[in-house]
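S.K.: Submitted below is the structure of interest, expressed as structure tokens.
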2 protein chains.
Amino acid sequence: MSMETAPIWIAGEWRQATAQSTFQATNPATGEALSKRFPVSQWADCEAALAAAVLAQTQLRSQPSERIAAFLEAYAGGIEAAAPHIVAAASLETGLPIAPRLRDVELPRTANQLRQAADAAREQSWKQATLDKPRNIRSYLASIGPVLVFGPNNFPLAFNGISGGDFAAAIAAGNPVIAKAHPLHPETTRLLAEQAQIAATQTGMPAGTLQMLYAVGNDDGLRLVADSRIGAVAFTGSRAAGLRLKRAADEAGKPIYLEMSSINPVIFLPAALHGAEALLATELAESCLAASGQFCTSPNLILLWQGPSADVLLEAVAAIFRERAPQPLLSFAGLEQLDAGVAALVGAGAQWIAGGHRIETPEASGFRYANTLLRATATQVLAAPHALQREVFGNATMAVTVAGLAELEAILNLLEGNLTGSVYSAASGQDDEIYNRIEPLLRQKVGRLLNDKMPTGVAVSPAMQHGGPFPATSHPGFTSVGIPASIRRFAALQCYDGVREDRLPAILRDSIANAKTWRSIDGEWVRG
Amino acid sequence: MSMETAPIWIAGEWRQATAQSTFQATNPATGEALSKRFPVSQWADCEAALAAAVLAQTQLRSQPSERIAAFLEAYAGGIEAAAPHIVAAASLETGLPIAPRLRDVELPRTANQLRQAADAAREQSWKQATLDKPRNIRSYLASIGPVLVFGPNNFPLAFNGISGGDFAAAIAAGNPVIAKAHPLHPETTRLLAEQAQIAATQTGMPAGTLQMLYAVGNDDGLRLVADSRIGAVAFTGSRAAGLRLKRAADEAGKPIYLEMSSINPVIFLPAALHGAEALLATELAESCLAASGQFCTSPNLILLWQGPSADVLLEAVAAIFRERAPQPLLSFAGLEQLDAGVAALVGAGAQWIAGGHRIETPEASGFRYANTLLRATATQVLAAPHALQREVFGNATMAVTVAGLAELEAILNLLEGNLTGSVYSAASGQDDEIYNRIEPLLRQKVGRLLNDKMPTGVAVSPAMQHGGPFPATSHPGFTSVGIPASIRRFAALQCYDGVREDRLPAILRDSIANAKTWRSIDGEWVRG
């Protein structure tokens with residue numbers, strides 16, 4: 001390998017990868033390849049990472065939680081200090097704007113998540129320490145083992161494998177992390193890892209706690225997931241890739257947390273829409289076009305009653321779609337998939353209202369697609385439920401008109417699992433009867449149910465559920481956003497039965513140093 | 001179907017099954033078939049159960065938790081009142097003694113679990129209601145949907161699909177249950193279901209909340225597991241059957257909780273054993289022979305230092321094994337598998353110390369196997385780790401001697417996931433150095449770590465972990481024994497974002513009726 005290829009971060013040091021090939025990122029705004037080369041690791045790198053992670057796991061067990069918290073805070077500070085470099089690289093590699101997005105929203109969110117994870121690591125109540133003193137049986141949520149994190153393409157900072165929500169949760173739970181960079185933003189990932197290393201050194205984290213590879217072959221990815229040394233896997237990305245990893249993990253009996261696909265239905269009930277068409281059109285269009293529709297929670301399916309209000313709303317949305325300049329998509333592959341997805345929906349019967357084509361003009365270079373609005377009837381959807389329920393990742397949305405409640409109920413019954421479901425209903429109570437009928441159907445299909453708002457905002461709140469039934473994720477009981485709940489994914493329930501007190505983890509001993517930790521002692525929750 | 005075939009319990013009524021074949025239970029103490037016939041249901045019965053369960057799920061959502069609690073308590077009382085009939089049937093079908101086992105231990109434990117589940121259903125803190133009032137985002141652990149429960153052969157009451165721990169947890173979480181009886185004890189299951197029905201009627205539970213089938217074909221079992229209407233699956237049984245169901249559930253994206261196999265290593269450190277050989281031999285033999293070794297936590301692998309103490313201990317265990325009359329095994333298939341398992345271990349190099357053959361004499365009829373002790377060296381195990389790590393379900397145990405710490409560490413590194421791991425070490429501290437070396441290795445391989453005691457007692461304690469890493473179970477973060485933790489398996493995390501207060505579940509409203517419920521409100525845990 002040439003020395004110009006970026007090194008990987010393994011076992012506490014930056015070293016040349018064992019690689020036979022390299023790749024480059026692309027600037028989506030221009031379509032041009034960026035010059036820096038990054039390695040595609042062979043198995044030897046994975047093996048080295050696994051060995052180092054196992055060692056780090058053992059060492060982490062004896063570290064105080066305070067050290068983990070201090071690392072997370074130092075890292076958050078480091079990311080903020082290096083913000084100009086990081087957001088510049090991220091914008092170049094993703095086409096996402098520095099302002100208002102990367103610098104003003106995503107980077108602060110990333111630092112905020114790390115700090116919330118630090119608080120949780122320190123506070124420890126999420127470990128649910130449970131003491132049965134008379135029987136001397138004690139248990140808590142302990143670290144699960146090395147966590148492999150695959151970050152997605154659409155959040156280069158807040159979901160990055162080496163800095164995002166899964167990373168923060170896995171570290172807060174006391175696990176080493178092996179991060180697989182998303183190959184669309186390797187330089188961004190490298191800059192983040194650099195800050196992680198500075199913070200880790202500063203706070204004395206065991207070498208091998210944090211490791212980062214840029215890319216591995218498909219087979220090595222599956223082998224990593226199934227390796228007996230891996231404790232759990234987190235993946236955010238496409239359904240096809242997620243299902244491949246899931247199969248490998250399932251076969252090996254490994255917990256895997258996937259966030260894969262979601263069409264995020266938005267339902268306008270009749271009285272809510274009537275008279276508010278223009279306002280709701282703006283709200284809907286903004287949500288659909290945010291980040292070129294490349295949020296996991298972008299509304300892909302709009303459900304509304306057929307009639308004049310629907311026509312007015314959709315024409316207003318189409319007008320905004322036509323008027324607003326399309327922003328670049330993250331990759332050429334994404335552009336191709338979006339084009340193919342729209343073609344498939346049209347092939348299955350959807351009608352074209354706005355957009356539906358690539359933008360290829362000298363003025364608008366890069367990976368751009370016209371903002372696209374499609375329309376279908378409930379009859380069409382019910383006749384081809386799979387074809388018309390396809391997630392189209394990007395700035396395209398489909399509206400489906402229903403003739404009445406029965407059709408809406410039939411569609412909701414056919415829905416697969418989703419991250420979100422939104423219902424707009426009139427404050428007057430006129431829509432309440434319909435709401436009460438459809439709520440139980442929608443409720444069981446979505447992780448987060450919204451009233452009168454769009455799903456694209458995902459607050460980092462302890463009450464957030466960014467998850468949902470399959471295929472949105474692989475288990476409806478967990479969330480990937482929201483601390484401390486997201487930490488629980490990377491924990492194993494470990495019980496000590498008759499174990500001598502000096503051999504117990506600190507959190508299970510009779511008295512506890514941290515006065516803030518809630519524990520269940522002999523059936524009562526007590527603090528400190 | 002002949003009218004003599006026992007009816008199944010579907011959609012609130014006892015009805016004749018749609019079946020083409022029937023089966024009978026067998027008395028393991030005599031090997032004779034019992035006269036009553038039970039149906040093997042075809043898909044039509046499964047379909048009817050699924051439809052009724054979906055309806056019940058919707059109705060349950062609007063029931064107060066108090067009703068669920070009242071049902072569980074009424075059912076516990078009903079089981080106690082019908083105890084003589086139930087334990088007589090169970091003893092006939094399983095060969096397990098009425099006293100001290102079924103009447104004195106297992107039935108009280110079953111009633112106790114139902115009452116603990118009732119308390120949890122009423123108290124609701126396990127739902128982890130989390131309110132973010134400023135943002136009006138609220139979430140809690142809600143019901144997951146109809147739960148399919150496959151009970152095992154070895155606990156006809158306490159793990160029965162219609163009365164055991166999984167049943168109690170699934171109901172307490174607010175889900176309907178479709179119970180699949182274990183075909184070795186259908187009459188016991190019928191008698192339990194009868195009590196469930198009386199309690200359900202008495203307390204006004206929706207029809208279809210509780211349903212019970214005796215048996216289904218293998219393909220229909222897999223189809224049931226994968227059906228989109230099922231919320232989650234619980235299975236306790238063999239590894240082979242568990243893995244088949246897991247594959248079907250994984251493919252369909254369904255949460256499945258499996259308790260499959262465990263060899264439950266027991267490690268005697270040198271100073272602990274020295275001088276205590278006779279005492280520990282008795283303790284070990286009692287644990288190995290309890291229920292003819294047919295507990296999930298029976299010690300199958302004994303690890304100890306080679307030398308005179310090991311020889312003395314093993315000879316004393318062998319003497320007890322030879323002297324104690326073998327109790328019947330649960331089935332002829334179990335006897336065959338035990339015989340084959342022992343033969344496989346011997347084939348892989350284990351040495352025969354006691355037993356190792358079937359008992360076929362006129363005095364001891366039924367399914368009996370001589371209490372069996374095998375012995376191997378660490379060198380042998382390290383050369384054939386898979387063959388010599390095989391779970392042998394029944395009254396057979398293998399001891400493995402190690403030449404030193406390095407061999408023990410090598411064996412622990414090769415261990416698959418287990419429910420339990422026990423370490424006996426000297427109170428003097430002489431074994432502490434070894435303990436500290438092996439504890440981290442053993443800790444990550446087992447759900448419950450014990451000091452100086454045998455693993456066969458599984459207390460129904462909130463601090464219990466009856467679970468562990470694969471292949472002991474399918475996820476190390478959950479337990480199947482211990483309330484409320486076991487309930488969490490059957491819950492989905494549901495979030496309400498901006499939802500109007502009168503539309504929220506009671507537990508998420510600003511004020512709560514139950515003064516005992518803990519909730520997290522704006523970052524602080526508060527009660528009531």
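Naming works like this for the structure tokens: A, B, ... for the chains as they're shown, residue 1 at the start of each chain, ligands 1 onward in shown order.
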Could you give me, as a PyMOL selection string, the residues within 8 Å of Arg229 (chain B), counting only C-alpha atoms and dropping anything in the same chain fewer than 5 positions from it?

M.R.: chain B and resi 50+54+145-146

S.K.: Enumerate the residues of region 236-333 of chain A with a DSSP assignment of strand (DSSP E), computed from the backbone, and present them as number ranges by chain.

M.R.: A: 236, 256-259, 266-268, 301-305

S.K.: Go through A:Cys296, A:Ala272, A:Leu243, A:Val233 one by one, measure the shortest atom-to-atom distance of each to chain B using only C-alpha atoms, and give the residue with the smallest value.

M.R.: A:Leu243

S.K.: Which residues are near Thr473 (chain A)? Cut-off 10 Å, only C-alpha atoms, ignore same chain within fewer than 4 positions. Put them as a compact mmCIF listing (two decimals) with C-alpha atoms, in the first residue's frame.

M.R.:
# COMPACT_ATOMS: atom_id res chain seq x y z
CA PHE A 235 -26.51 -0.76 12.07
CA THR A 236 -28.33 2.15 10.47
CA ARG A 239 -33.05 -2.57 4.32
CA GLY A 242 -29.46 -4.53 7.15
CA ILE A 256 -28.22 -6.84 16.42
CA TYR A 257 -30.00 -3.50 16.43
CA LEU A 258 -31.01 -2.33 12.99
CA GLU A 259 -32.66 0.81 11.81
CA MET A 260 -33.58 -0.02 8.25
CA SER A 261 -36.54 1.51 6.53
CA SER A 262 -39.68 3.46 7.22
CA GLY A 417 -43.70 -1.52 10.88
CA ASN A 418 -42.61 2.12 10.81
CA LEU A 419 -40.59 4.51 12.93
CA GLY A 447 -42.70 3.42 17.36
CA HIS A 466 -36.64 6.24 17.50
CA GLY A 467 -37.44 2.68 16.67
CA GLY A 468 -40.48 0.56 15.92
CA PRO A 469 -41.71 -2.80 14.67
CA GLY A 477 -38.62 -2.78 22.51
CA PHE A 478 -35.58 -0.59 21.90
CA THR A 479 -34.71 2.92 20.70
CA SER A 480 -31.58 4.24 19.03
CA GLY B 253 -38.49 -10.01 12.25

S.K.: Within 6 Å of region 277-289 of chain A, counting only C-alpha atoms, which residues show up once you throw out same-chain ones fewer than 5 positions away? Write them as an MDAnalysis selection string, please.

M.R.: chainID A and resid 298:299 313 316:317 395

S.K.: Kindly save the residues from that selection, with N, CA and C atoms included, as a JSON list (two decimals), in the first residue's frame.

M.R.:
[["chain", "number", "residue", "atom", "x", "y", "z"],
["A", 298, "SER", "N", -38.44, 10.83, 7.13],
["A", 298, "SER", "CA", -39.10, 11.63, 6.07],
["A", 298, "SER", "C", -40.46, 11.01, 5.73],
["A", 299, "PRO", "N", -41.48, 11.86, 5.56],
["A", 299, "PRO", "CA", -42.79, 11.31, 5.19],
["A", 299, "PRO", "C", -42.77, 10.83, 3.75],
["A", 313, "LEU", "N", -54.50, 20.85, -1.36],
["A", 313, "LEU", "CA", -53.26, 20.58, -0.62],
["A", 313, "LEU", "C", -52.17, 20.09, -1.56],
["A", 316, "ALA", "N", -50.76, 22.62, -3.89],
["A", 316, "ALA", "CA", -49.89, 23.57, -3.18],
["A", 316, "ALA", "C", -48.54, 22.93, -2.88],
["A", 317, "VAL", "N", -48.55, 21.66, -2.48],
["A", 317, "VAL", "CA", -47.28, 20.96, -2.22],
["A", 317, "VAL", "C", -46.48, 20.88, -3.52],
["A", 395, "ASN", "N", -35.88, 12.93, -2.10],
["A", 395, "ASN", "CA", -36.91, 13.97, -2.18],
["A", 395, "ASN", "C", -38.08, 13.57, -3.08]]

S.K.: How many Å separate CA of Asn160 (chain A) from CA of Val87 (chain A)?

M.R.: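 So the answer is 13.0 Å.
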
S.K.: Residues near Leu412 (chain A), anyone? I mean within 9 Å using only C-alpha atoms, not counting same-chain ones fewer than 2 positions away, as a PyMOL selection string.

M.R.: chain A and resi 407-410+414-416+438+441-442+445

S.K.: Mind dumping the selected residues with N, CA, C and O atoms as a short mmCIF file (atom, residue, chain, number, x, y, z; two decimals), in the first residue's frame?

M.R.:
data_model
loop_
_atom_site.label_atom_id
_atom_site.label_comp_id
_atom_site.auth_asym_id
_atom_site.auth_seq_id
_atom_site.Cartn_x
_atom_site.Cartn_y
_atom_site.Cartn_z
N GLU A 407 -61.45 2.30 3.76
CA GLU A 407 -60.23 2.19 2.95
C GLU A 407 -58.99 2.55 3.76
O GLU A 407 -57.94 1.91 3.63
N LEU A 408 -59.12 3.58 4.59
CA LEU A 408 -57.97 3.98 5.42
C LEU A 408 -57.60 2.84 6.38
O LEU A 408 -56.42 2.49 6.54
N GLU A 409 -58.62 2.26 6.99
CA GLU A 409 -58.36 1.14 7.90
C GLU A 409 -57.68 -0.01 7.18
O GLU A 409 -56.77 -0.64 7.70
N ALA A 410 -58.14 -0.29 5.97
CA ALA A 410 -57.55 -1.40 5.21
C ALA A 410 -56.08 -1.12 4.92
O ALA A 410 -55.23 -2.01 5.02
N LEU A 414 -52.51 -3.05 6.38
CA LEU A 414 -51.48 -3.60 5.49
C LEU A 414 -50.10 -3.01 5.75
O LEU A 414 -49.10 -3.52 5.24
N LEU A 415 -50.04 -1.93 6.50
CA LEU A 415 -48.75 -1.27 6.74
C LEU A 415 -47.77 -2.20 7.42
O LEU A 415 -48.11 -2.94 8.34
N GLU A 416 -46.53 -2.12 6.99
CA GLU A 416 -45.45 -2.77 7.73
C GLU A 416 -45.10 -1.88 8.93
O GLU A 416 -45.64 -0.79 9.09
N ILE A 438 -58.91 4.72 14.09
CA ILE A 438 -57.65 4.35 13.45
C ILE A 438 -56.46 4.28 14.42
O ILE A 438 -55.47 3.62 14.14
N LEU A 441 -55.01 0.84 15.28
CA LEU A 441 -54.34 0.18 14.14
C LEU A 441 -52.96 0.79 13.92
O LEU A 441 -51.97 0.07 13.76
N LEU A 442 -52.92 2.12 13.91
CA LEU A 442 -51.65 2.80 13.64
C LEU A 442 -50.67 2.58 14.80
O LEU A 442 -49.47 2.37 14.59
N LYS A 445 -48.32 -0.25 14.71
CA LYS A 445 -47.41 -0.30 13.56
C LYS A 445 -46.26 0.68 13.65
O LYS A 445 -45.39 0.68 12.77
#

S.K.: List every residue of chain B that has an atom at most 8 Å from any atom of chain A, and for each one report the closest atom pair and its distance in Å to one decimal, counting only C-alpha atoms, with rows sorted by chain and then by increasing residue number, as a tab-separated table.

M.R.:
residue	atom	partner	partner_atom	distance
B:Thr58	CA	A:Pro440	CA	6.9
B:Thr130	CA	A:Ala463	CA	5.2
B:Leu131	CA	A:Ala463	CA	6.0
B:Asp132	CA	A:Ala463	CA	6.0
B:Ile137	CA	A:Ala463	CA	5.8
B:Arg138	CA	A:Ala463	CA	5.1
B:Ser139	CA	A:Ala463	CA	5.2
B:Leu141	CA	A:Gly477	CA	7.5
B:Ile144	CA	A:Gln444	CA	7.8
B:Gly145	CA	A:Gln444	CA	8.0
B:Arg247	CA	A:Glu251	CA	7.7
B:Asp250	CA	A:Asp250	CA	6.8
B:Glu251	CA	A:Arg247	CA	7.7
B:Gly253	CA	A:Phe470	CA	5.5
B:Lys254	CA	A:His475	CA	7.3
B:Pro255	CA	A:His475	CA	6.2
B:Pro440	CA	A:Thr58	CA	6.8
B:Gln444	CA	A:Ile144	CA	7.8
B:Val446	CA	A:Gln494	CA	7.8
B:Gly447	CA	A:Gln494	CA	5.3
B:Arg448	CA	A:Cys495	CA	4.5
B:Leu449	CA	A:Tyr496	CA	5.0
B:Leu450	CA	A:Asp497	CA	4.7
B:Asn451	CA	A:Val499	CA	4.8
B:Asp452	CA	A:Gly498	CA	7.3
B:Lys453	CA	A:Gly498	CA	7.4
B:Ser461	CA	A:Asp132	CA	7.0
B:Pro462	CA	A:Thr130	CA	7.0
B:Ala463	CA	A:Arg138	CA	5.1
B:Met464	CA	A:Cys495	CA	6.4
B:Gln465	CA	A:Cys495	CA	5.4
B:Gly468	CA	A:Leu493	CA	7.7
B:Phe470	CA	A:Gly253	CA	5.5
B:Pro471	CA	A:Gly253	CA	6.9
B:Ser474	CA	A:Gly253	CA	5.9
B:His475	CA	A:Pro255	CA	6.2
B:Pro476	CA	A:Ala492	CA	5.0
B:Gly477	CA	A:Ala492	CA	4.3
B:Phe478	CA	A:Leu493	CA	6.3
B:Thr479	CA	A:Leu493	CA	7.6
B:Arg489	CA	A:Gly477	CA	7.9
B:Ala491	CA	A:Gly477	CA	6.1
B:Ala492	CA	A:Gly477	CA	4.3
B:Leu493	CA	A:Gly477	CA	4.8
B:Gln494	CA	A:Gly447	CA	5.2
B:Cys495	CA	A:Arg448	CA	4.5
B:Tyr496	CA	A:Leu449	CA	5.0
B:Asp497	CA	A:Leu450	CA	4.7
B:Gly498	CA	A:Asn451	CA	5.3
B:Val499	CA	A:Asn451	CA	4.8
B:Arg500	CA	A:Asn451	CA	7.2
B:Gly523	CA	A:Pro462	CA	7.5

S.K.: Hey, what does DSSP flag as alpha helix (DSSP H) within region 216-387 of chain A? Can you give it to me as a VMD selection string?

M.R.: chain A and resid 218 to 226 239 to 252 270 to 273 277 to 289 308 to 323 332 to 347 378 to 383

S.K.: Quick one: write out the picked residues with C-alpha atoms as a short mmCIF file (atom, residue, chain, number, x, y, z; two decimals), in the first residue's frame?

M.R.:
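Generated file (result-v8.cif):
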data_model
loop_
_atom_site.label_atom_id
_atom_site.label_comp_id
_atom_site.auth_asym_id
_atom_site.auth_seq_id
_atom_site.Cartn_x
_atom_site.Cartn_y
_atom_site.Cartn_z
CA ASN A 218 -18.94 -7.77 2.28
CA ASP A 219 -17.84 -11.21 3.41
CA ASP A 220 -15.56 -9.81 6.09
CA GLY A 221 -18.43 -7.62 7.29
CA LEU A 222 -20.63 -10.67 7.77
CA ARG A 223 -17.78 -12.57 9.42
CA LEU A 224 -17.20 -9.70 11.84
CA VAL A 225 -20.87 -9.58 12.81
CA ALA A 226 -20.90 -13.31 13.53
CA ARG A 239 -33.05 -2.57 4.32
CA ALA A 240 -31.11 -4.83 1.96
CA ALA A 241 -27.79 -4.39 3.74
CA GLY A 242 -29.46 -4.53 7.15
CA LEU A 243 -31.17 -7.82 6.39
CA ARG A 244 -27.90 -9.38 5.23
CA LEU A 245 -26.20 -8.43 8.49
CA LYS A 246 -29.24 -9.52 10.49
CA ARG A 247 -29.12 -12.97 8.97
CA ALA A 248 -25.45 -13.38 9.89
CA ALA A 249 -26.01 -12.09 13.42
CA ASP A 250 -29.15 -14.18 13.97
CA GLU A 251 -27.39 -17.33 12.86
CA ALA A 252 -24.60 -16.65 15.36
CA PRO A 270 -60.92 15.70 6.87
CA ALA A 271 -61.81 18.47 9.32
CA ALA A 272 -58.13 19.14 10.08
CA LEU A 273 -57.37 19.68 6.42
CA GLU A 277 -54.63 23.39 3.05
CA ALA A 278 -52.05 26.10 2.36
CA LEU A 279 -50.55 26.01 5.85
CA LEU A 280 -50.34 22.24 5.92
CA ALA A 281 -48.92 22.14 2.39
CA THR A 282 -46.00 24.29 3.53
CA GLU A 283 -45.45 22.20 6.66
CA LEU A 284 -45.57 18.96 4.69
CA ALA A 285 -43.30 20.18 1.89
CA GLU A 286 -40.71 21.46 4.37
CA SER A 287 -40.68 18.09 6.11
CA CYS A 288 -40.44 16.13 2.84
CA LEU A 289 -37.64 18.23 1.39
CA PRO A 308 -61.37 19.30 -3.12
CA SER A 309 -59.26 19.77 0.03
CA ALA A 310 -56.92 16.98 -1.02
CA ASP A 311 -56.59 18.50 -4.48
CA VAL A 312 -55.83 21.94 -3.08
CA LEU A 313 -53.26 20.58 -0.62
CA LEU A 314 -51.47 18.48 -3.18
CA GLU A 315 -51.39 21.22 -5.78
CA ALA A 316 -49.89 23.57 -3.18
CA VAL A 317 -47.28 20.96 -2.22
CA ALA A 318 -46.49 20.39 -5.90
CA ALA A 319 -46.02 24.12 -6.38
CA ILE A 320 -43.50 24.30 -3.57
CA PHE A 321 -41.75 21.17 -4.88
CA ARG A 322 -41.44 22.72 -8.34
CA GLU A 323 -40.26 26.06 -7.03
CA PHE A 332 -24.82 8.62 -7.24
CA ALA A 333 -26.10 5.24 -6.05
CA GLY A 334 -28.74 7.07 -4.03
CA LEU A 335 -29.78 9.02 -7.09
CA GLU A 336 -30.08 5.83 -9.11
CA GLN A 337 -32.11 4.13 -6.39
CA LEU A 338 -34.40 7.12 -6.04
CA ASP A 339 -35.00 7.19 -9.78
CA ALA A 340 -35.66 3.46 -9.82
CA GLY A 341 -37.96 3.75 -6.80
CA VAL A 342 -40.05 6.48 -8.36
CA ALA A 343 -40.24 4.49 -11.60
CA ALA A 344 -41.39 1.43 -9.64
CA LEU A 345 -44.15 3.40 -7.90
CA VAL A 346 -45.30 4.85 -11.20
CA GLY A 347 -45.13 1.38 -12.70
CA ALA A 378 -56.41 3.58 -1.95
CA THR A 379 -57.81 1.10 -4.46
CA GLN A 380 -54.45 1.02 -6.19
CA VAL A 381 -52.53 0.59 -2.94
CA LEU A 382 -54.81 -2.19 -1.75
CA ALA A 383 -54.28 -3.99 -5.04
#

S.K.: How far is it from CA of Ala290 (chain A) to CA of Pro328 (chain A), in Å with one decimal?

M.R.: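 Distance reported for this atom pair: 11.5 Å.
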
S.K.: Applying 6 Å and only C-alpha atoms, which residues near region 13-18 of chain A remain after dropping the ones on its own chain fewer than 6 positions away? List them as a PyMOL selection string.

M.R.: chain A and resi 7+41-42

S.K.: The selected residues should be written to file as a short mmCIF file (atom, residue, chain, number, x, y, z; two decimals), in the first residue's frame (atoms: N, CA, C and O atoms).

M.R.:
data_model
loop_
_atom_site.label_atom_id
_atom_site.label_comp_id
_atom_site.auth_asym_id
_atom_site.auth_seq_id
_atom_site.Cartn_x
_atom_site.Cartn_y
_atom_site.Cartn_z
N PRO A 7 -4.29 5.95 7.32
CA PRO A 7 -4.18 4.81 8.23
C PRO A 7 -5.48 4.55 8.98
O PRO A 7 -6.33 5.44 9.11
N SER A 41 -10.14 -2.62 4.27
CA SER A 41 -9.36 -3.56 5.09
C SER A 41 -9.63 -5.01 4.74
O SER A 41 -10.76 -5.37 4.40
N GLN A 42 -8.59 -5.82 4.86
CA GLN A 42 -8.78 -7.26 4.76
C GLN A 42 -9.01 -7.83 6.16
O GLN A 42 -8.95 -7.11 7.15
#

S.K.: Can you tell me which residues surround Ala121 (chain B) at a distance of at most 12 Å, considering only C-alpha atoms, apart from same-chain residues fewer than 2 positions away, and format the answer as a VMD selection string?

M.R.: chain B and resid 63 to 73 114 to 119 123 to 127 142 to 143 168 to 175 483 to 484 487 to 488 514 516 to 517

S.K.: Put those residues in a file: C-alpha atoms, as a PDB file, in the first residue's frame.

M.R.:
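Written output follows (selection_10.pdb):
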ATOM      1  CA  GLN B  63     -58.946  -2.620  30.080  1.00  0.00           C
ATOM      2  CA  PRO B  64     -57.689  -1.282  33.393  1.00  0.00           C
ATOM      3  CA  SER B  65     -54.524  -2.962  34.681  1.00  0.00           C
ATOM      4  CA  GLU B  66     -56.559  -3.865  37.742  1.00  0.00           C
ATOM      5  CA  ARG B  67     -58.542  -6.365  35.676  1.00  0.00           C
ATOM      6  CA  ILE B  68     -55.404  -8.140  34.522  1.00  0.00           C
ATOM      7  CA  ALA B  69     -54.129  -8.256  38.099  1.00  0.00           C
ATOM      8  CA  ALA B  70     -57.463  -9.592  39.350  1.00  0.00           C
ATOM      9  CA  PHE B  71     -57.427 -12.327  36.733  1.00  0.00           C
ATOM     10  CA  LEU B  72     -53.893 -13.428  37.648  1.00  0.00           C
ATOM     11  CA  GLU B  73     -54.842 -13.582  41.323  1.00  0.00           C
ATOM     12  CA  LEU B 114     -48.954 -15.465  39.007  1.00  0.00           C
ATOM     13  CA  ARG B 115     -49.440 -13.333  42.145  1.00  0.00           C
ATOM     14  CA  GLN B 116     -46.123 -11.546  41.648  1.00  0.00           C
ATOM     15  CA  ALA B 117     -47.158 -10.851  38.049  1.00  0.00           C
ATOM     16  CA  ALA B 118     -50.459  -9.477  39.358  1.00  0.00           C
ATOM     17  CA  ASP B 119     -48.593  -7.121  41.681  1.00  0.00           C
ATOM     18  CA  GLU B 123     -47.865  -1.374  40.223  1.00  0.00           C
ATOM     19  CA  GLN B 124     -46.691  -0.637  36.651  1.00  0.00           C
ATOM     20  CA  SER B 125     -43.290   0.852  37.450  1.00  0.00           C
ATOM     21  CA  TRP B 126     -41.712  -1.682  35.070  1.00  0.00           C
ATOM     22  CA  LYS B 127     -43.444   0.163  32.207  1.00  0.00           C
ATOM     23  CA  ALA B 142     -46.692  -1.026  26.062  1.00  0.00           C
ATOM     24  CA  SER B 143     -48.097  -4.428  25.118  1.00  0.00           C
ATOM     25  CA  ALA B 168     -47.622 -14.752  33.570  1.00  0.00           C
ATOM     26  CA  ALA B 169     -45.157 -12.223  32.142  1.00  0.00           C
ATOM     27  CA  ALA B 170     -46.923 -11.967  28.777  1.00  0.00           C
ATOM     28  CA  ILE B 171     -50.324 -11.439  30.414  1.00  0.00           C
ATOM     29  CA  ALA B 172     -48.982  -8.930  32.939  1.00  0.00           C
ATOM     30  CA  ALA B 173     -47.605  -6.949  29.980  1.00  0.00           C
ATOM     31  CA  GLY B 174     -51.169  -6.735  28.638  1.00  0.00           C
ATOM     32  CA  ASN B 175     -50.936  -9.272  25.822  1.00  0.00           C
ATOM     33  CA  ILE B 483     -40.613 -10.315  38.102  1.00  0.00           C
ATOM     34  CA  PRO B 484     -40.800  -7.602  36.858  1.00  0.00           C
ATOM     35  CA  ILE B 487     -42.278  -8.943  31.781  1.00  0.00           C
ATOM     36  CA  ARG B 488     -40.172  -6.511  29.778  1.00  0.00           C
ATOM     37  CA  ASN B 514     -51.878   4.772  41.164  1.00  0.00           C
ATOM     38  CA  LYS B 516     -47.266   3.569  43.791  1.00  0.00           C
ATOM     39  CA  THR B 517     -46.157   3.853  40.174  1.00  0.00           C
TER      40      THR B 517
END

S.K.: Just the number, please: distance in Å from CA of Leu330 (chain B) to CA of Ala33 (chain B), one decimal.

M.R.: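 It comes out at 13.0 Å.
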
S.K.: Choose the residue, out of A:Pro326, A:His386, A:Leu184, A:Ser331, that has the smallest atom-to-atom separation from Ile359 (chain A); count only C-alpha atoms.

M.R.: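 Among the listed residues, the smallest separation from Ile359 (chain A) belongs to A:Pro326.
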